[in-house]
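Heads up, entry.cif below (mmCIF, C-alpha atoms and all ligand atoms):
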data_start
loop_
_atom_site.label_atom_id
_atom_site.label_comp_id
_atom_site.auth_asym_id
_atom_site.auth_seq_id
_atom_site.Cartn_x
_atom_site.Cartn_y
_atom_site.Cartn_z
CA MET A 181 -16.60 4.20 14.98
CA LEU A 182 -16.49 2.96 11.41
CA ILE A 183 -18.20 -0.40 11.76
CA ASP A 184 -19.60 -2.79 9.15
CA PRO A 185 -22.43 -5.33 9.43
CA PHE A 186 -19.90 -8.15 9.95
CA GLY A 187 -18.52 -6.55 13.11
CA ARG A 188 -15.27 -5.31 11.62
CA VAL A 189 -14.07 -1.89 12.74
CA ALA A 190 -12.01 0.26 10.38
CA THR A 191 -9.15 1.95 12.25
CA ASP A 192 -6.54 2.00 9.45
CA LEU A 193 -7.05 4.76 6.87
CA ARG A 194 -5.13 4.64 3.58
CA VAL A 195 -5.06 7.96 1.80
CA SER A 196 -3.98 8.23 -1.82
CA LEU A 197 -2.31 11.61 -2.37
CA THR A 198 -1.91 11.31 -6.13
CA ASP A 199 -2.61 8.79 -8.88
CA ARG A 200 0.60 9.80 -10.70
CA CYS A 201 3.80 7.82 -10.61
CA ASN A 202 7.37 7.96 -11.88
CA LEU A 203 7.54 4.17 -12.37
CA ARG A 204 5.42 1.88 -14.51
CA CYS A 205 5.45 -1.44 -12.62
CA SER A 206 3.77 -3.82 -15.04
CA TYR A 207 1.48 -5.35 -12.39
CA CYS A 208 0.15 -1.84 -11.75
CA MET A 209 0.05 0.30 -14.89
CA PRO A 210 0.96 0.22 -18.59
CA PRO A 211 4.31 1.60 -19.86
CA GLU A 212 2.62 4.66 -21.37
CA GLY A 213 1.02 5.59 -18.02
CA LEU A 214 -2.65 6.44 -17.52
CA ASP A 215 -4.98 9.38 -17.96
CA TRP A 216 -4.16 11.13 -14.68
CA LEU A 217 -6.89 12.77 -12.62
CA PRO A 218 -7.34 16.44 -13.57
CA ARG A 219 -5.83 18.68 -10.89
CA PRO A 220 -9.09 20.39 -9.82
CA GLU A 221 -10.51 16.96 -8.95
CA ILE A 222 -7.67 16.20 -6.56
CA LEU A 223 -8.19 17.11 -2.92
CA THR A 224 -6.19 20.14 -1.81
CA ASP A 225 -3.84 19.79 1.17
CA ASP A 226 -6.44 21.49 3.39
CA GLU A 227 -9.16 19.10 2.19
CA VAL A 228 -6.95 16.05 2.84
CA VAL A 229 -6.14 17.26 6.35
CA ARG A 230 -9.80 18.05 7.06
CA LEU A 231 -10.96 14.55 6.10
CA VAL A 232 -8.09 12.93 7.99
CA ARG A 233 -9.01 15.05 11.04
CA ILE A 234 -12.62 13.87 10.81
CA GLY A 235 -11.39 10.26 10.54
CA VAL A 236 -9.05 10.55 13.50
CA THR A 237 -11.04 12.74 15.89
CA MET A 238 -14.61 11.61 15.10
CA LEU A 239 -14.42 8.11 13.63
CA GLY A 240 -11.76 6.18 15.54
CA ILE A 241 -9.00 6.08 12.89
CA GLU A 242 -5.74 5.14 14.63
CA GLU A 243 -3.30 4.77 11.71
CA VAL A 244 -3.04 6.96 8.62
CA ARG A 245 -1.03 5.59 5.70
CA TYR A 246 -0.23 7.98 2.84
CA THR A 247 0.12 6.25 -0.50
CA GLY A 248 -0.74 6.64 -4.19
CA GLY A 249 0.38 6.57 -7.05
CA GLU A 250 3.68 7.79 -5.71
CA PRO A 251 3.09 9.95 -2.61
CA LEU A 252 6.59 11.49 -2.74
CA LEU A 253 5.45 13.28 -5.92
CA ARG A 254 2.94 15.28 -3.85
CA ARG A 255 4.57 18.63 -3.16
CA GLY A 256 2.76 19.23 0.13
CA LEU A 257 3.52 15.78 1.58
CA THR A 258 5.81 16.89 4.43
CA GLU A 259 3.33 19.57 5.51
CA ILE A 260 0.41 17.10 5.31
CA VAL A 261 2.38 14.69 7.54
CA ARG A 262 3.20 17.50 9.98
CA ARG A 263 -0.45 18.58 10.23
CA THR A 264 -1.55 14.95 10.66
CA ALA A 265 0.93 14.49 13.53
CA GLN A 266 -0.53 17.55 15.28
CA LEU A 267 -4.00 15.99 15.51
CA SER A 268 -5.23 14.95 18.91
CA PRO A 269 -5.22 12.01 19.45
CA SER A 270 -2.14 11.73 17.25
CA PRO A 271 -2.40 8.76 14.83
CA GLN A 272 0.41 6.46 13.72
CA ILE A 273 1.60 7.94 10.41
CA THR A 274 3.04 5.65 7.76
CA LEU A 275 3.93 5.88 4.08
CA THR A 276 4.01 3.44 1.17
CA SER A 277 6.44 4.60 -1.51
CA ASN A 278 8.66 3.41 -4.30
CA GLY A 279 11.52 5.23 -2.55
CA ILE A 280 12.48 7.54 -5.43
CA GLY A 281 13.29 10.93 -3.87
CA LEU A 282 13.42 9.56 -0.35
CA ALA A 283 17.18 10.15 -0.13
CA ARG A 284 16.27 13.85 0.18
CA LEU A 285 12.95 13.51 2.01
CA ALA A 286 13.46 10.81 4.65
CA GLU A 287 14.75 13.16 7.35
CA PRO A 288 12.25 16.00 6.76
CA LEU A 289 9.42 13.43 6.81
CA ARG A 290 10.70 11.89 10.04
CA ASP A 291 10.99 15.37 11.59
CA ALA A 292 7.43 16.13 10.48
CA GLY A 293 6.16 13.08 12.39
CA LEU A 294 6.33 10.11 10.00
CA ASP A 295 6.56 6.93 12.06
CA ARG A 296 7.29 4.17 9.54
CA ILE A 297 7.64 3.44 5.85
CA ASN A 298 7.08 0.59 3.38
CA ILE A 299 9.17 0.75 0.24
CA SER A 300 8.47 -1.36 -2.83
CA LEU A 301 11.41 -3.27 -4.26
CA ASP A 302 10.74 -6.24 -6.54
CA THR A 303 14.28 -6.86 -7.77
CA VAL A 304 17.90 -5.96 -7.05
CA ARG A 305 18.95 -6.69 -10.63
CA PRO A 306 19.25 -3.50 -12.72
CA ASP A 307 18.11 -5.15 -15.98
CA THR A 308 15.11 -6.81 -14.32
CA PHE A 309 14.20 -3.48 -12.69
CA VAL A 310 14.03 -1.79 -16.10
CA ARG A 311 12.04 -4.67 -17.53
CA LEU A 312 9.55 -4.61 -14.66
CA ALA A 313 9.24 -0.89 -13.92
CA HIS A 314 10.11 0.52 -17.38
CA ARG A 315 12.43 3.10 -15.81
CA ASP A 316 16.14 2.88 -14.92
CA ARG A 317 15.75 3.98 -11.28
CA LEU A 318 16.99 1.05 -9.17
CA ASN A 319 19.82 3.13 -7.68
CA ASP A 320 17.37 5.83 -6.58
CA VAL A 321 15.20 3.21 -4.85
CA LEU A 322 18.22 1.69 -3.08
CA ALA A 323 19.37 5.17 -1.99
CA GLY A 324 15.86 5.84 -0.66
CA LEU A 325 15.87 2.61 1.34
CA ALA A 326 19.24 3.42 2.89
CA ALA A 327 18.11 6.97 3.73
CA ALA A 328 14.94 5.71 5.44
CA HIS A 329 17.02 3.34 7.56
CA ARG A 330 19.52 6.07 8.44
CA ALA A 331 16.69 8.42 9.38
CA GLY A 332 15.46 5.84 11.88
CA LEU A 333 12.16 5.04 10.15
CA ARG A 334 12.54 1.47 11.40
CA PRO A 335 11.73 -1.23 10.77
CA VAL A 336 11.99 -0.30 7.08
CA LYS A 337 9.56 -2.69 5.42
CA VAL A 338 10.07 -3.79 1.83
CA ASN A 339 7.13 -4.89 -0.35
CA ALA A 340 7.88 -7.25 -3.24
CA VAL A 341 5.59 -8.68 -5.91
CA LEU A 342 6.95 -11.67 -7.84
CA MET A 343 5.90 -12.13 -11.47
CA ARG A 344 6.28 -15.36 -13.39
CA GLY A 345 9.13 -15.27 -15.90
CA VAL A 346 10.26 -11.84 -14.71
CA ASN A 347 11.53 -11.97 -11.11
CA ASP A 348 10.04 -15.20 -9.71
CA ASP A 349 13.54 -16.66 -9.42
CA GLU A 350 14.66 -13.80 -7.21
CA GLY A 351 12.81 -14.40 -3.94
CA GLU A 352 15.82 -15.87 -2.14
CA GLN A 353 18.15 -13.12 -3.36
CA LEU A 354 15.68 -10.44 -2.26
CA LEU A 355 15.39 -12.00 1.18
CA GLN A 356 19.18 -12.21 1.55
CA PHE A 357 19.48 -8.56 0.46
CA CYS A 358 16.92 -7.48 3.07
CA LEU A 359 18.54 -9.58 5.81
CA ASP A 360 21.92 -8.02 4.98
CA HIS A 361 20.49 -4.50 5.25
CA SER A 362 18.12 -5.08 8.21
CA TYR A 363 15.00 -4.42 6.12
CA GLU A 364 11.85 -6.43 6.79
CA LEU A 365 10.69 -8.11 3.57
CA ARG A 366 7.08 -8.99 2.74
CA PHE A 367 6.02 -10.68 -0.47
CA ILE A 368 2.59 -9.74 -1.81
CA GLU A 369 0.63 -12.01 -4.14
CA GLN A 370 -0.19 -10.20 -7.35
CA MET A 371 -3.82 -9.05 -7.36
CA PRO A 372 -6.15 -8.26 -10.28
CA LEU A 373 -5.74 -4.51 -9.93
CA ASP A 374 -3.61 -3.58 -12.95
CA ALA A 375 -4.97 -1.00 -15.34
CA GLN A 376 -4.30 -3.28 -18.32
CA HIS A 377 -6.39 -6.15 -16.88
CA GLY A 378 -3.47 -8.51 -17.58
CA TRP A 379 -3.72 -10.49 -14.31
CA SER A 380 -4.31 -14.21 -14.58
CA ARG A 381 -4.60 -16.61 -11.70
CA ASP A 382 -2.48 -19.24 -13.48
CA ASP A 383 0.40 -16.79 -13.85
CA MET A 384 0.23 -15.58 -10.27
CA ILE A 385 3.06 -16.69 -7.97
CA THR A 386 1.20 -18.04 -4.94
CA ALA A 387 2.13 -17.78 -1.27
CA ASP A 388 2.77 -21.56 -1.28
CA GLU A 389 5.19 -21.22 -4.19
CA ILE A 390 7.04 -18.37 -2.49
CA LEU A 391 7.36 -20.39 0.72
CA ASP A 392 8.62 -23.43 -1.20
CA ARG A 393 11.30 -21.41 -2.94
CA LEU A 394 12.47 -19.60 0.21
CA SER A 395 12.58 -22.87 2.16
CA ARG A 396 15.30 -24.15 -0.19
CA SER A 397 17.76 -21.62 1.23
CA PHE A 398 16.31 -20.56 4.58
CA ASP A 399 14.91 -22.26 7.63
CA LEU A 400 11.42 -20.74 8.07
CA THR A 401 9.32 -21.22 11.22
CA PRO A 402 5.77 -19.83 11.37
CA ASP A 403 5.55 -16.95 13.83
CA ASP A 404 3.02 -16.96 16.68
CA PRO A 405 -0.39 -16.49 14.91
CA GLU A 406 -1.69 -14.62 17.99
CA LYS A 407 0.66 -11.76 17.11
CA ARG A 408 -0.83 -11.34 13.64
CA GLY A 409 -4.04 -9.52 14.60
CA SER A 410 -5.43 -7.74 11.55
CA ALA A 411 -2.02 -7.63 9.81
CA PRO A 412 -2.27 -9.04 6.29
CA ALA A 413 1.18 -10.69 6.37
CA GLU A 414 1.75 -14.18 7.74
CA THR A 415 5.21 -13.96 9.24
CA PHE A 416 7.96 -16.54 9.43
CA ILE A 417 11.08 -16.50 11.62
CA VAL A 418 14.16 -16.82 9.40
CA ASN A 419 17.03 -19.13 10.45
CA GLY A 420 15.99 -19.04 14.10
CA GLY A 421 15.45 -15.26 14.20
CA PRO A 422 15.24 -12.55 15.17
CA GLU A 423 14.74 -11.66 11.46
CA ARG A 424 11.37 -12.34 9.91
CA VAL A 425 9.83 -12.50 6.44
CA GLY A 426 6.18 -11.88 5.64
CA ILE A 427 3.91 -13.33 2.98
CA ILE A 428 0.70 -11.55 2.06
CA GLY A 429 -1.49 -14.12 0.36
CA SER A 430 -4.16 -11.62 -0.63
CA VAL A 431 -5.64 -14.01 -3.19
CA THR A 432 -4.99 -17.56 -1.95
CA ARG A 433 -5.07 -16.80 1.79
CA PRO A 434 -7.51 -13.89 2.08
CA PHE A 435 -7.66 -12.02 5.38
CA CYS A 436 -10.91 -10.12 4.72
CA GLY A 437 -12.47 -11.39 7.98
CA ALA A 438 -9.93 -9.38 9.98
CA CYS A 439 -9.83 -6.32 7.69
CA ASP A 440 -9.57 -3.00 9.54
CA ARG A 441 -8.98 -0.75 6.51
CA VAL A 442 -10.79 2.00 4.73
CA ARG A 443 -9.48 4.04 1.82
CA LEU A 444 -9.71 7.60 0.60
CA THR A 445 -8.81 8.23 -3.04
CA ALA A 446 -6.87 11.29 -4.21
CA ASP A 447 -10.15 12.74 -5.53
CA GLY A 448 -11.94 12.35 -2.23
CA GLN A 449 -13.92 9.13 -2.63
CA VAL A 450 -14.25 6.72 0.28
CA ARG A 451 -13.72 3.08 -0.71
CA ASN A 452 -14.53 0.40 1.83
CA CYS A 453 -12.37 -2.22 0.03
CA LEU A 454 -9.63 -2.35 -2.64
CA PHE A 455 -12.08 -4.42 -4.69
CA ALA A 456 -15.18 -2.32 -4.03
CA ARG A 457 -17.20 -1.35 -7.08
CA GLU A 458 -18.84 1.60 -5.36
CA GLU A 459 -17.38 4.73 -3.85
CA SER A 460 -18.84 7.49 -1.68
CA ASP A 461 -18.09 11.02 -2.74
CA LEU A 462 -16.86 13.14 0.17
CA ARG A 463 -15.18 15.75 -2.05
CA GLY A 464 -18.42 16.88 -3.69
CA ALA A 465 -20.18 17.04 -0.32
CA MET A 466 -17.26 18.91 1.23
CA ARG A 467 -17.10 21.46 -1.60
CA ALA A 468 -20.86 21.96 -1.33
CA GLY A 469 -20.36 23.14 2.26
CA THR A 470 -21.29 19.99 4.19
CA SER A 471 -20.55 20.00 7.93
CA ASP A 472 -18.02 17.74 9.66
CA ASP A 473 -20.89 15.82 11.31
CA ASP A 474 -22.55 15.15 7.97
CA LEU A 475 -19.27 14.09 6.32
CA ALA A 476 -18.71 11.69 9.22
CA ASP A 477 -22.22 10.25 8.71
CA ARG A 478 -21.55 9.71 5.00
CA TRP A 479 -18.27 8.00 5.84
CA ARG A 480 -19.99 5.71 8.38
CA ALA A 481 -22.62 4.77 5.77
CA ALA A 482 -19.87 3.94 3.24
CA VAL A 483 -18.20 1.53 5.66
CA TRP A 484 -21.56 0.01 6.62
CA ALA A 485 -21.91 -1.07 2.95
CA LYS A 486 -18.68 -3.13 3.07
CA LYS A 487 -18.95 -6.66 1.66
CA PRO A 488 -17.67 -9.68 3.65
CA GLY A 489 -14.83 -10.46 1.21
CA HIS A 490 -13.09 -9.46 -2.01
CA GLY A 491 -14.78 -12.22 -4.04
CA ILE A 492 -11.84 -12.84 -6.41
CA ASP A 493 -12.84 -16.52 -6.44
CA ASP A 494 -16.53 -15.85 -7.15
CA PRO A 495 -17.59 -16.81 -10.69
CA GLY A 496 -19.02 -13.31 -11.22
CA PHE A 497 -15.92 -11.45 -9.96
CA LEU A 498 -15.35 -8.16 -11.73
CA GLN A 499 -12.12 -6.23 -11.38
CA PRO A 500 -12.71 -2.75 -9.92
CA THR A 501 -12.93 -0.02 -12.53
CA ARG A 502 -10.06 1.95 -10.96
CA PRO A 503 -6.57 0.43 -10.92
CA MET A 504 -4.43 0.13 -7.77
CA SER A 505 -2.52 3.34 -8.52
CA ALA A 506 -5.76 5.34 -8.50
CA ILE A 507 -7.27 3.63 -5.44
CA GLY A 508 -4.17 3.82 -3.26
CA GLY A 509 -2.34 0.60 -2.44
N1 LIG B 601 3.99 3.89 -5.47
C1 LIG B 601 4.04 3.37 -4.17
C2 LIG B 601 4.69 2.00 -4.13
O1 LIG B 601 4.88 1.41 -5.18
O2 LIG B 601 4.99 1.54 -3.03
C3 LIG B 601 2.69 3.32 -3.47
C4 LIG B 601 1.52 2.85 -4.27
S1 LIG B 601 1.59 1.15 -4.79
C5 LIG B 601 0.05 1.01 -5.64
C6 LIG B 601 1.38 0.31 -3.25
C7 LIG B 601 1.77 -1.14 -3.21
O3 LIG B 601 0.88 -1.85 -4.04
C8 LIG B 601 3.16 -1.44 -3.72
O4 LIG B 601 3.88 -2.19 -2.75
C9 LIG B 601 2.94 -2.27 -4.96
O5 LIG B 601 3.94 -3.24 -5.12
C10 LIG B 601 1.60 -2.88 -4.67
N2 LIG B 601 0.86 -3.27 -5.87
C11 LIG B 601 0.57 -2.53 -6.95
N3 LIG B 601 -0.15 -3.24 -7.85
C12 LIG B 601 -0.31 -4.47 -7.29
C13 LIG B 601 -0.97 -5.66 -7.71
N4 LIG B 601 -1.59 -5.74 -8.89
N5 LIG B 601 -0.95 -6.72 -6.89
C14 LIG B 601 -0.31 -6.68 -5.69
N6 LIG B 601 0.32 -5.57 -5.22
C15 LIG B 601 0.33 -4.48 -6.02
FE1 LIG B 602 4.06 3.39 -9.29
FE2 LIG B 602 3.76 2.05 -7.02
FE3 LIG B 602 2.27 1.44 -9.22
FE4 LIG B 602 4.87 0.90 -9.22
S1 LIG B 602 3.31 0.01 -7.83
S2 LIG B 602 3.72 1.89 -10.89
S3 LIG B 602 5.69 2.53 -8.03
S4 LIG B 602 2.17 3.30 -8.03
#

Rewrite the structure of this file - the entire thing - as structure tokens.
Ligand code: SAM
Ligand code: SF4
Amino acid sequence: MLIDPFGRVATDLRVSLTDRCNLRCSYCMPPEGLDWLPRPEILTDDEVVRLVRIGVTMLGIEEVRYTGGEPLLRRGLTEIVRRTAQLSPSPQITLTSNGIGLARLAEPLRDAGLDRINISLDTVRPDTFVRLAHRDRLNDVLAGLAAAHRAGLRPVKVNAVLMRGVNDDEGEQLLQFCLDHSYELRFIEQMPLDAQHGWSRDDMITADEILDRLSRSFDLTPDDPEKRGSAPAETFIVNGGPERVGIIGSVTRPFCGACDRVRLTADGQVRNCLFAREESDLRGAMRAGTSDDDLADRWRAAVWAKKPGHGIDDPGFLQPTRPMSAIGG
């Protein structure tokens, strides 16, 4: 098992398949993009599958979420999903994506063994989309959402980040859009993980603010907290149900005590937390010929070094050196 000194067990592995992206969401990266990882540093498909196999068969990983950057840009994605589904025991396989290209890929991914998907959608207004993501791709995202739903990757979950002065007036409209299309919406508080280091706590739209705004138009009842488990979202029943909306208060309502996640970056580094300042290099060890047993030991040691919380409120908090797109969100 991947256990830390505070008794938490990591069973949810998030694997970044690329740090590249075809959008430039301003809470994530600057309009000009970033210096992408050089290709030789990125794990090959075989290396990804080997590490995922070690996680699933030797270390108790139960869910594998492929993310990035934009994972749909990874050419071998469908094959990676297929090989992951063939592992025994077979993990839950999920994807976090901006949806661009999903119109073509939703069915092949489902057939390869993908179980569920989260798609990011912060606005349904074309001009706001361009302002926020610096690309005119809203229609591609909407087509991707519809294709995921048609392919049966349900419930299709939608992730939205609200930014002050950009889309903070759109929470109610986004919820209505998701209710109309049977998508499950979750708002995520903006975290200090942008490459530009532009995050400020005063500008952040808090979970309380989101709830206040939604409550003007919808009747929200807190869901049974027993059902939450290690899920980061607090859920609310909308207008008597069965629809629900989630709020992930990563900053103001941290859920670190129940965290069951561990991350693998596209260049093969284990990170025990989004906000970790240290990484453990499995790629170098793997390419030097290290055995599965030794890689598993290194991975266990990395999780054993996990801190109790993200520390955003600590006076000495330092943003991690890698941005969200390079860590894998
Ligand atoms: N490109 C894919 C996407 O956008 O869904 C996957 C990677 S993205 C880094 C994963 C999730 O992280 C997205 O839902 C995105 O909205 C969220 N995200 C990125 N930067 C964030 C930040 N600074 N604070 C909160 N969420 C963030
Ligand atoms: Fe790309 Fe996702 Fe970052 Fe937006 S949040 S720039 S879609 S990686």

Within 7 Å of ligand LIG 602 (chain B) (counting only C-alpha atoms and all ligand atoms), which residues show up? I'd like them as a ChimeraX atom specification. /A:201-205,208-209,248-250,277-278,313,504-505

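The space between atom CA of Thr401 of chain A and atom CA of Glu389 of chain A spans 16.0 Å.
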
Give me the residues near Arg463 of chain A as an MDAnalysis selection string, where near means some atom within 12 Å (using only C-alpha atoms) and where sequence neighbours in that chain fewer than 4 positions away do not count. chainID A and resid 220:224 226:228 230:231 444:450 459 467:470 475 478:479

For Glu243 of chain A: contacts at 6 Å, only C-alpha atoms, fewer than 4 positions along chain excluded, given as a PDB file with C-alpha atoms, in the frame of the given file:
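Everything below was put into result.pdb:
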ATOM      1  CA  ASP A 192      -6.540   2.000   9.450  1.00  0.00           C
ATOM      2  CA  PRO A 271      -2.400   8.760  14.830  1.00  0.00           C
ATOM      3  CA  GLN A 272       0.410   6.460  13.720  1.00  0.00           C
ATOM      4  CA  ILE A 273       1.600   7.940  10.410  1.00  0.00           C
TER       5      ILE A 273
END

What is the atom CA of Glu259 of chain A-atom CA of Leu182 of chain A distance in Å, reported with one decimal?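 These atoms are spaced 26.5 Å apart.
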
Using atom CA of Glu369 of chain A and atom CA of Arg330 of chain A as the two end points, give the distance in Å to one decimal.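 Taking atom CA of Glu369 of chain A and atom CA of Arg330 of chain A, their separation equals 29.0 Å.
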
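Between Arg188 of chain A and the residues A:Val310, A:Ala481, A:Cys436, A:Ala340, the shortest atom-to-atom distance, using only C-alpha atoms, involves A:Cys436.
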
Shell of 12 Å around Tyr207 of chain A, only C-alpha atoms, local chain residues under 4 positions omitted, as a PyMOL selection string: chain A and resi 203+211+302+311-314+340-344+346+368-380+383-384+503-505

Nearest candidate to Lys487 of chain A (options A:Cys439, A:Leu282, A:Ile428, A:Val229; using only C-alpha atoms):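 Among A:Cys439, A:Leu282, A:Ile428, A:Val229, it is A:Cys439 that comes nearest to Lys487 of chain A.
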
Is it possible to dump segment 334-350 of chain A as an mmCIF file, in the first residue's frame, including just N, CA, C and O atoms?
data_model
loop_
_atom_site.group_PDB
_atom_site.id
_atom_site.type_symbol
_atom_site.label_atom_id
_atom_site.label_comp_id
_atom_site.auth_asym_id
_atom_site.auth_seq_id
_atom_site.Cartn_x
_atom_site.Cartn_y
_atom_site.Cartn_z
ATOM 1 N N ARG A 334 -21.016 8.306 -18.547
ATOM 2 C CA ARG A 334 -21.839 9.086 -17.615
ATOM 3 C C ARG A 334 -21.584 8.699 -16.175
ATOM 4 O O ARG A 334 -21.282 7.539 -15.924
ATOM 5 N N PRO A 335 -21.785 9.596 -15.214
ATOM 6 C CA PRO A 335 -22.162 10.973 -15.452
ATOM 7 C C PRO A 335 -20.993 11.777 -16.012
ATOM 8 O O PRO A 335 -19.869 11.667 -15.518
ATOM 9 N N VAL A 336 -21.268 12.586 -17.059
ATOM 10 C CA VAL A 336 -20.247 13.508 -17.555
ATOM 11 C C VAL A 336 -20.111 14.613 -16.509
ATOM 12 O O VAL A 336 -21.093 15.291 -16.195
ATOM 13 N N LYS A 337 -18.919 14.743 -15.947
ATOM 14 C CA LYS A 337 -18.724 15.804 -14.949
ATOM 15 C C LYS A 337 -18.077 17.011 -15.607
ATOM 16 O O LYS A 337 -17.206 16.858 -16.475
ATOM 17 N N VAL A 338 -18.518 18.183 -15.200
ATOM 18 C CA VAL A 338 -17.972 19.427 -15.746
ATOM 19 C C VAL A 338 -17.249 20.159 -14.625
ATOM 20 O O VAL A 338 -17.792 20.322 -13.534
ATOM 21 N N ASN A 339 -16.001 20.565 -14.883
ATOM 22 C CA ASN A 339 -15.227 21.347 -13.904
ATOM 23 C C ASN A 339 -15.242 22.808 -14.331
ATOM 24 O O ASN A 339 -14.928 23.117 -15.483
ATOM 25 N N ALA A 340 -15.573 23.707 -13.410
ATOM 26 C CA ALA A 340 -15.554 25.135 -13.739
ATOM 27 C C ALA A 340 -14.779 25.913 -12.681
ATOM 28 O O ALA A 340 -14.928 25.665 -11.480
ATOM 29 N N VAL A 341 -13.946 26.829 -13.145
ATOM 30 C CA VAL A 341 -13.239 27.750 -12.248
ATOM 31 C C VAL A 341 -13.807 29.142 -12.533
ATOM 32 O O VAL A 341 -13.870 29.551 -13.694
ATOM 33 N N LEU A 342 -14.245 29.832 -11.488
ATOM 34 C CA LEU A 342 -14.761 31.192 -11.687
ATOM 35 C C LEU A 342 -13.657 32.191 -11.357
ATOM 36 O O LEU A 342 -12.936 32.043 -10.366
ATOM 37 N N MET A 343 -13.527 33.212 -12.199
ATOM 38 C CA MET A 343 -12.509 34.248 -11.982
ATOM 39 C C MET A 343 -13.190 35.608 -11.887
ATOM 40 O O MET A 343 -14.057 35.937 -12.711
ATOM 41 N N ARG A 344 -12.748 36.369 -10.884
ATOM 42 C CA ARG A 344 -13.397 37.668 -10.639
ATOM 43 C C ARG A 344 -13.259 38.579 -11.862
ATOM 44 O O ARG A 344 -12.188 38.704 -12.441
ATOM 45 N N GLY A 345 -14.394 39.167 -12.247
ATOM 46 C CA GLY A 345 -14.380 40.124 -13.365
ATOM 47 C C GLY A 345 -14.322 39.452 -14.727
ATOM 48 O O GLY A 345 -14.287 40.134 -15.755
ATOM 49 N N VAL A 346 -14.277 38.124 -14.762
ATOM 50 C CA VAL A 346 -14.218 37.433 -16.050
ATOM 51 C C VAL A 346 -15.499 36.603 -16.247
ATOM 52 O O VAL A 346 -16.285 36.865 -17.153
ATOM 53 N N ASN A 347 -15.709 35.622 -15.356
ATOM 54 C CA ASN A 347 -16.892 34.762 -15.492
ATOM 55 C C ASN A 347 -17.583 34.535 -14.144
ATOM 56 O O ASN A 347 -18.356 33.595 -14.009
ATOM 57 N N ASP A 348 -17.287 35.402 -13.147
ATOM 58 C CA ASP A 348 -17.872 35.173 -11.819
ATOM 59 C C ASP A 348 -19.371 35.450 -11.783
ATOM 60 O O ASP A 348 -20.040 35.081 -10.830
ATOM 61 N N ASP A 349 -19.892 36.063 -12.848
ATOM 62 C CA ASP A 349 -21.339 36.304 -12.894
ATOM 63 C C ASP A 349 -22.065 35.180 -13.638
ATOM 64 O O ASP A 349 -23.243 35.289 -13.947
ATOM 65 N N GLU A 350 -21.334 34.098 -13.934
ATOM 66 C CA GLU A 350 -21.903 33.091 -14.821
ATOM 67 C C GLU A 350 -22.236 31.762 -14.136
ATOM 68 O O GLU A 350 -22.644 30.801 -14.793
#
